[in-house]
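Encoded as structure tokens, the structure appears first; notes follow it.
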Amino acid sequence: MDEVFFSYPRSDRAAVLPLVEALRSAGVSVFLDESGIDEFQGITPGIRSALAGARLFVAYYSAAYPARPACQWELLTVFRAASVLGRASERILVINPEPGPGHIQPVQLRDARYGTTTGSDSVARLVQRVVERVAASPGCLGDAIEADRPVWRPVEHLGSERFIGRVNEFWQLHHALHAFEYPATHDEATGGQAVVIGLGGVGKTLLVEQYARRFASFYPGGIYWFTTAASHAPDTPGSESLNDEVRAQYHQQVAAALALDGAQSDPVQIREAARRVIEQVGKPCLWIVDDVPGQLPPGLVRELAAPHPLGRTIMTTRWRGYQLPIVDVDVLHPDEAYHLLITARVPAGPLEEAAARRLAERLGFHALAVDLARGCLADQPGLTYTELLGQLADTQRGDAFQQLVGDLFTQVPTDHTNDIAATFARSLQHLDGNALTLLRIAATLAPAPLPERLLTGVSATLRQEEEETVRRANRGALSAAQRRSLIRQTGTEPPSWFVHALVSRTLNLQPATADMRATLRTAAVTATTRLMQSVYSPGRLELADIAPHARALVEDLDTADSLALLDSVARYDYESGQPAGAAHNYQRHSEAQAAHSGSDHPDTLASRSNLASAHRLAGDLGRAIPLHEQTLAARVRVLGENHPDTLASRNNLAGAYQAAGDLSRAIPLFEQTLDDRVRVLGEDHPTTLASRNNLAYAYGAAGRPARATDE
């Protein structure tokens with residue numbers, strides 16, 4: 001194998017060849033790729049083999065180098081491998097023919113001494129440096145080219161096999177996360193955090209997925225992925241209710257990813273437990289928070305970051321106001337957009353190639369729009385680029401289309417919104433009814449990964465068929481939608497899917513979707529409520545993937561079924577240690593239940609009791625005690641002194657008094673509750689035993705150990 005791999009842009013070939021010949025004359029074996037491979041192919045097996053066999057990587061880093069994807073893929077592959085073996089700068093030698101180093105990425109290579117091409121003896125000096133570096137490099141890069149993959153939590157993200165470009169953004173992101181390790185190249189420490197910003201549909205999430213997969217060897221401590229899934233919320237950005245929802249969802253996901261007991265953990269405890277996990281592993285990890293809403297307070301943004309210095313944090317958002325290093329994700333480079341488009345089919349001749357380039361331009365090089373156009377072409381073998389270009393204009397008619405344009409313009413405010421909207425609408429044509437229904441189900445739910453068990457449950461409810469039958473029938477429909485880039489699989493264990501918010505907007509503005517909306521919502525509420533029932537079973541809280549969709553569905557409380565779902569969401573918050581979220585949702589539930597059934601209905605009283613318990617869990621006894629008192633009085637009046645719910649209210653009030661330190665009122669209530677439960681339920685009933693235990697604790701707290709022992 002050759003000792004040196006020489007990486008260069010084709011445009012610099014004339015300047016590179018004399019250097020390569022001089023190295024070979026000095027006895028150094030050099031690999032120089034002159035195959036002219038498509039630079040968008042990434043690393044071919046032949047290139048990978050040459051990289052693995054090399055001892056030193058030499059990059060002719062001209063101004064053209066960062067713009068050539070093939071060069072950057074080569075550099076990225078070696079940079080990862082060299083970092084595993086030690087300092088990357090010891091295995092990578094940069095030759096910089098430019099007057100300054102500002103174009104060199106990653107930043108670590110600016111920190112190293114790079115070679116220059118200035119001076120009459122520059123070639124001889126460079127040859128000598130290469131000879132010395134080769135001699136000092138023990139062995140080849142070898143197996144480090146393929147490093148072990150870290151564990152993903154809660155599930156691994158698959159990314160996209162069609163991902164193209166974004167090489168500079170990868171290095172910018174890596175620089176932002178690691179620049180504080182190289183103070184000579186950076187003026188201020190960033191704390192290992194970065195925010196990825198861009199318009200809807202430009203590929204922020206995909207960029208971060210691909211970064212996590214391609215730079216995985218830098219994070220052997222694991223990759224953690226969380227989604228706030230709160231951008232669907234109707235509340236004003238920065239509102240307290242939105243902040244509470246973001247906090248609750250985030251901590252529930254962290255607790256689920258780390259298999260923590262959420263019922264005994266508040267946010268502070270969850271964060272501390274996560275910090276201990278990272279510390280015990282003792283290796284760098286990547287902490288990703290996707291889809292962060294705008295205008296969150298600084299304290300909450302800090303709360304979303306990795307809880308330990310070994311963690312590097314990436315957040316994605318559309319808002320530019322967070323005081324963190326920014327990586328801007330813009331539309332694709334024209335060549336990248338063209339190559340993404342033609343992955344469906346190579347244009348047949350110059351006219352078709354021109355039409356393809358014009359189509360990418362008409363779409364503003366917007367990544368999602370170009371990918372949807374690619375999907376149309378892939379799914380219709382007879383459709384030409386010229387025909388699809390003409391169909392964009394044919395689609396741009398009618399009030400519904402103009403409404404779609406206006407809606408999309410709020411998310412993609414460009415001169416190309418009309419053509420982007422037409423592509424979205426066009427991409428949905430020719431799908432069969434089952435595929436469209438599945439997409440409409442997704443559009444009814446939250447803009448978050450959609451568990452296949454929920455998608456199947458809603459579909460089965462709509463079709464009134466067995467879930468296994470529906471699951472088999474859905475596979476073909478999901479594949480058809482995936483071929484058109486309308487949906488993508490985000491996980492396999494368990495299976496999950498994702499429909500981009502812009503596709504959902506397009507679907508929701510279609511008249512056919514409006515006609516089905518009530519039916520879709522009813523089925524979604526029914527299926528989600530059924531899945532959320534496990535929250536009422538002790539020890540079963542594996543609902544972090546379902547909860548965002550349940551929350552989206554209970555934004556409107558239009559039926560008795562939606563009230564039942566809201567109760568399960570509130571219970572989930574309570575059981576997972578999120579008392580503020582539980583109190584908020586139980587407040588909504590008790591008010592809606594009273595409006596639906598009356599203020600004295602047993603269900604309303606049960607909701608009010610739950611609200612009081614949530615306030616108590618949150619430490620707000622000033623609200624909890626009056627509510628418990630009111631609920632007890634109402635239950636005595638409506639249900640009678642001996643009803644089990646009345647006895648439960650008396651026990652709850654006694655517990656609240658005890659929590660407030662008022663044992664003089666707590667103990668008599670505990671005593672009365674125990675006597676009543678013995679009489680009504682019997683000596684050995686579980687709640688009777690619980691009452692006896694509660695009374696014993698109260699006696700102990702009051703300094704009456706003898707009575708406590710008696711109980």
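Each chain in the structure tokens gets a letter, A, B, ..., in the order shown, and its residues are numbered from 1; ligands are numbered from 1 in order too.
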Shell of 9 Å around Ala592 of chain A, only C-alpha atoms, local chain residues under 6 positions omitted, as a compact mmCIF listing (two decimals) with N, CA, C and O atoms, in the first residue's frame:
```
# COMPACT_ATOMS: atom_id res chain seq x y z
N LEU A 557 -60.63 20.16 23.30
CA LEU A 557 -61.41 19.25 24.13
C LEU A 557 -62.86 19.29 23.64
O LEU A 557 -63.72 19.96 24.20
N LEU A 563 -61.62 14.20 26.64
CA LEU A 563 -61.48 14.43 28.09
C LEU A 563 -60.78 13.23 28.74
O LEU A 563 -59.91 13.41 29.61
N THR A 604 -66.16 14.93 37.90
CA THR A 604 -65.61 16.27 38.16
C THR A 604 -64.91 16.31 39.51
O THR A 604 -63.82 16.89 39.65
```
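Closest approach to Val131 of chain A among A:Ala634, A:Ala580, A:Val208, A:Val28: A:Val28, based on only C-alpha atoms.
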**Message:** I'd like the contact shell of Phe670 of chain A - 12 Å cut-off, only C-alpha atoms, skipping same-chain residues fewer than 3 positions apart - returned as a ChimeraX atom specification.
**Reply:** /A:647-658,663-667,673-677,688,690-699,711
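Separating atom CA of Gln380 of chain A from atom CA of Val470 of chain A is a distance of 26.2 Å.
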**Message:** At a cut-off of 9 Å, using only C-alpha atoms, what residues contact segment 425-428 of chain A? Leave out same-chain residues fewer than 4 positions from it and give the result as an MDAnalysis selection string.
**Reply:** chainID A and resid 372:373 375:376 391:392 395 401 404 420:421 436 481 484:486 503 506:507 510
Just to be explicit: take each residue in the selection above, keep all heavy atoms, and write the result as a tab-separated table (two decimals), in the first residue's frame.
```tsv
chain	number	residue	atom	x	y	z
A	372	LEU	N	-38.92	15.95	-2.91
A	372	LEU	CA	-40.27	15.56	-3.28
A	372	LEU	C	-40.40	15.45	-4.80
A	372	LEU	O	-41.06	14.54	-5.32
A	372	LEU	CB	-41.28	16.55	-2.73
A	372	LEU	CG	-41.49	16.52	-1.21
A	372	LEU	CD1	-42.40	17.66	-0.78
A	372	LEU	CD2	-42.08	15.19	-0.77
A	373	ALA	N	-39.77	16.39	-5.52
A	373	ALA	CA	-39.77	16.30	-6.99
A	373	ALA	C	-39.06	15.03	-7.44
A	373	ALA	O	-39.51	14.34	-8.37
A	373	ALA	CB	-39.10	17.54	-7.58
A	375	GLY	N	-38.96	12.31	-5.79
A	375	GLY	CA	-39.87	11.21	-5.50
A	375	GLY	C	-40.93	11.04	-6.57
A	375	GLY	O	-41.30	9.91	-6.92
A	376	CYS	N	-41.44	12.15	-7.10
A	376	CYS	CA	-42.42	12.07	-8.19
A	376	CYS	C	-41.83	11.35	-9.40
A	376	CYS	O	-42.46	10.49	-10.02
A	376	CYS	CB	-42.88	13.47	-8.60
A	376	CYS	SG	-43.92	14.32	-7.39
A	391	GLN	N	-45.77	20.79	-15.33
A	391	GLN	CA	-46.89	20.50	-14.43
A	391	GLN	C	-46.92	21.42	-13.21
A	391	GLN	O	-47.96	21.58	-12.58
A	391	GLN	CB	-46.85	19.04	-13.99
A	391	GLN	CG	-47.21	18.07	-15.09
A	391	GLN	CD	-47.04	16.63	-14.69
A	391	GLN	OE1	-46.72	16.33	-13.54
A	391	GLN	NE2	-47.23	15.71	-15.64
A	392	LEU	N	-45.78	22.01	-12.87
A	392	LEU	CA	-45.77	22.96	-11.75
A	392	LEU	C	-46.74	24.10	-12.02
A	392	LEU	O	-47.48	24.53	-11.14
A	392	LEU	CB	-44.36	23.50	-11.51
A	392	LEU	CG	-43.33	22.53	-10.96
A	392	LEU	CD1	-42.03	23.28	-10.65
A	392	LEU	CD2	-43.83	21.84	-9.70
A	395	THR	N	-50.42	23.12	-11.74
A	395	THR	CA	-50.90	22.89	-10.37
A	395	THR	C	-51.28	24.20	-9.68
A	395	THR	O	-52.07	24.19	-8.73
A	395	THR	CB	-49.81	22.17	-9.55
A	395	THR	OG1	-49.41	21.00	-10.26
A	395	THR	CG2	-50.31	21.75	-8.18
A	401	PHE	N	-55.00	26.23	-3.59
A	401	PHE	CA	-53.56	26.36	-3.83
A	401	PHE	C	-53.04	27.69	-3.30
A	401	PHE	O	-51.96	27.74	-2.68
A	401	PHE	CB	-53.25	26.24	-5.32
A	401	PHE	CG	-51.78	26.42	-5.62
A	401	PHE	CD1	-50.90	25.38	-5.39
A	401	PHE	CD2	-51.29	27.64	-6.07
A	401	PHE	CE1	-49.54	25.54	-5.63
A	401	PHE	CE2	-49.94	27.81	-6.31
A	401	PHE	CZ	-49.06	26.76	-6.09
A	404	LEU	N	-52.55	27.44	0.29
A	404	LEU	CA	-51.34	26.68	0.58
A	404	LEU	C	-50.11	27.56	0.43
A	404	LEU	O	-49.21	27.54	1.28
A	404	LEU	CB	-51.24	25.47	-0.35
A	404	LEU	CG	-49.94	24.66	-0.30
A	404	LEU	CD1	-49.72	24.08	1.09
A	404	LEU	CD2	-49.96	23.55	-1.35
A	420	ILE	N	-42.56	25.75	-4.89
A	420	ILE	CA	-42.40	24.78	-3.81
A	420	ILE	C	-43.76	24.21	-3.42
A	420	ILE	O	-43.93	22.99	-3.27
A	420	ILE	CB	-41.69	25.43	-2.61
A	420	ILE	CG1	-40.23	25.74	-2.95
A	420	ILE	CG2	-41.76	24.52	-1.38
A	420	ILE	CD1	-39.51	26.55	-1.90
A	421	ALA	N	-44.76	25.10	-3.29
A	421	ALA	CA	-46.10	24.65	-2.93
A	421	ALA	C	-46.66	23.72	-4.01
A	421	ALA	O	-47.30	22.70	-3.71
A	421	ALA	CB	-47.02	25.85	-2.73
A	436	LEU	N	-52.47	7.81	1.31
A	436	LEU	CA	-52.92	9.16	1.65
A	436	LEU	C	-53.54	9.19	3.05
A	436	LEU	O	-53.32	10.13	3.81
A	436	LEU	CB	-53.93	9.65	0.62
A	436	LEU	CG	-53.35	10.27	-0.65
A	436	LEU	CD1	-54.46	10.54	-1.66
A	436	LEU	CD2	-52.60	11.56	-0.33
A	481	ALA	N	-45.16	5.84	-0.09
A	481	ALA	CA	-44.98	7.22	0.39
A	481	ALA	C	-43.51	7.52	0.62
A	481	ALA	O	-43.05	8.65	0.39
A	481	ALA	CB	-45.78	7.42	1.67
A	484	ARG	N	-41.58	8.43	-2.49
A	484	ARG	CA	-41.82	9.81	-2.91
A	484	ARG	C	-41.28	10.83	-1.90
A	484	ARG	O	-41.53	12.02	-2.04
A	484	ARG	CB	-43.32	10.04	-3.09
A	484	ARG	CG	-43.89	9.39	-4.34
A	484	ARG	CD	-45.40	9.52	-4.41
A	484	ARG	NE	-45.87	9.23	-5.76
A	484	ARG	CZ	-46.16	10.15	-6.66
A	484	ARG	NH1	-46.01	11.42	-6.36
A	484	ARG	NH2	-46.58	9.81	-7.86
A	485	SER	N	-40.59	10.37	-0.88
A	485	SER	CA	-40.00	11.25	0.16
A	485	SER	C	-41.06	11.98	0.97
A	485	SER	O	-40.77	13.01	1.58
A	485	SER	CB	-39.03	12.27	-0.47
A	485	SER	OG	-37.97	11.62	-1.11
A	486	LEU	N	-42.28	11.45	0.98
A	486	LEU	CA	-43.34	12.08	1.76
A	486	LEU	C	-43.30	11.63	3.22
A	486	LEU	O	-43.89	12.28	4.09
A	486	LEU	CB	-44.70	11.73	1.15
A	486	LEU	CG	-44.95	12.37	-0.23
A	486	LEU	CD1	-46.10	11.67	-0.93
A	486	LEU	CD2	-45.22	13.86	-0.08
A	503	VAL	N	-45.15	19.03	4.73
A	503	VAL	CA	-46.02	18.07	4.03
A	503	VAL	C	-47.36	17.98	4.75
A	503	VAL	O	-48.43	17.94	4.11
A	503	VAL	CB	-45.34	16.69	3.95
A	503	VAL	CG1	-46.28	15.66	3.33
A	503	VAL	CG2	-44.05	16.78	3.14
A	506	THR	N	-49.51	20.88	3.83
A	506	THR	CA	-50.08	20.70	2.49
A	506	THR	C	-51.29	19.77	2.55
A	506	THR	O	-52.34	20.04	1.95
A	506	THR	CB	-49.02	20.13	1.55
A	506	THR	OG1	-47.87	20.99	1.55
A	506	THR	CG2	-49.55	20.03	0.13
A	507	LEU	N	-51.16	18.67	3.26
A	507	LEU	CA	-52.26	17.73	3.40
A	507	LEU	C	-53.47	18.36	4.08
A	507	LEU	O	-54.61	18.19	3.65
A	507	LEU	CB	-51.80	16.51	4.20
A	507	LEU	CG	-51.02	15.44	3.44
A	507	LEU	CD1	-50.24	14.58	4.41
A	507	LEU	CD2	-51.99	14.58	2.64
A	510	GLN	N	-55.90	20.42	2.01
A	510	GLN	CA	-56.64	19.78	0.93
A	510	GLN	C	-58.11	19.60	1.32
A	510	GLN	O	-58.41	19.21	2.46
A	510	GLN	CB	-56.04	18.42	0.59
A	510	GLN	CG	-54.69	18.47	-0.09
A	510	GLN	CD	-54.22	17.08	-0.49
A	510	GLN	OE1	-54.62	16.07	0.09
A	510	GLN	NE2	-53.36	17.04	-1.50
```
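Proximity ranking of A:Gly364, A:Gly299, A:Pro293, A:Gly619 relative to Val195 of chain A places A:Pro293 first, based on only C-alpha atoms.
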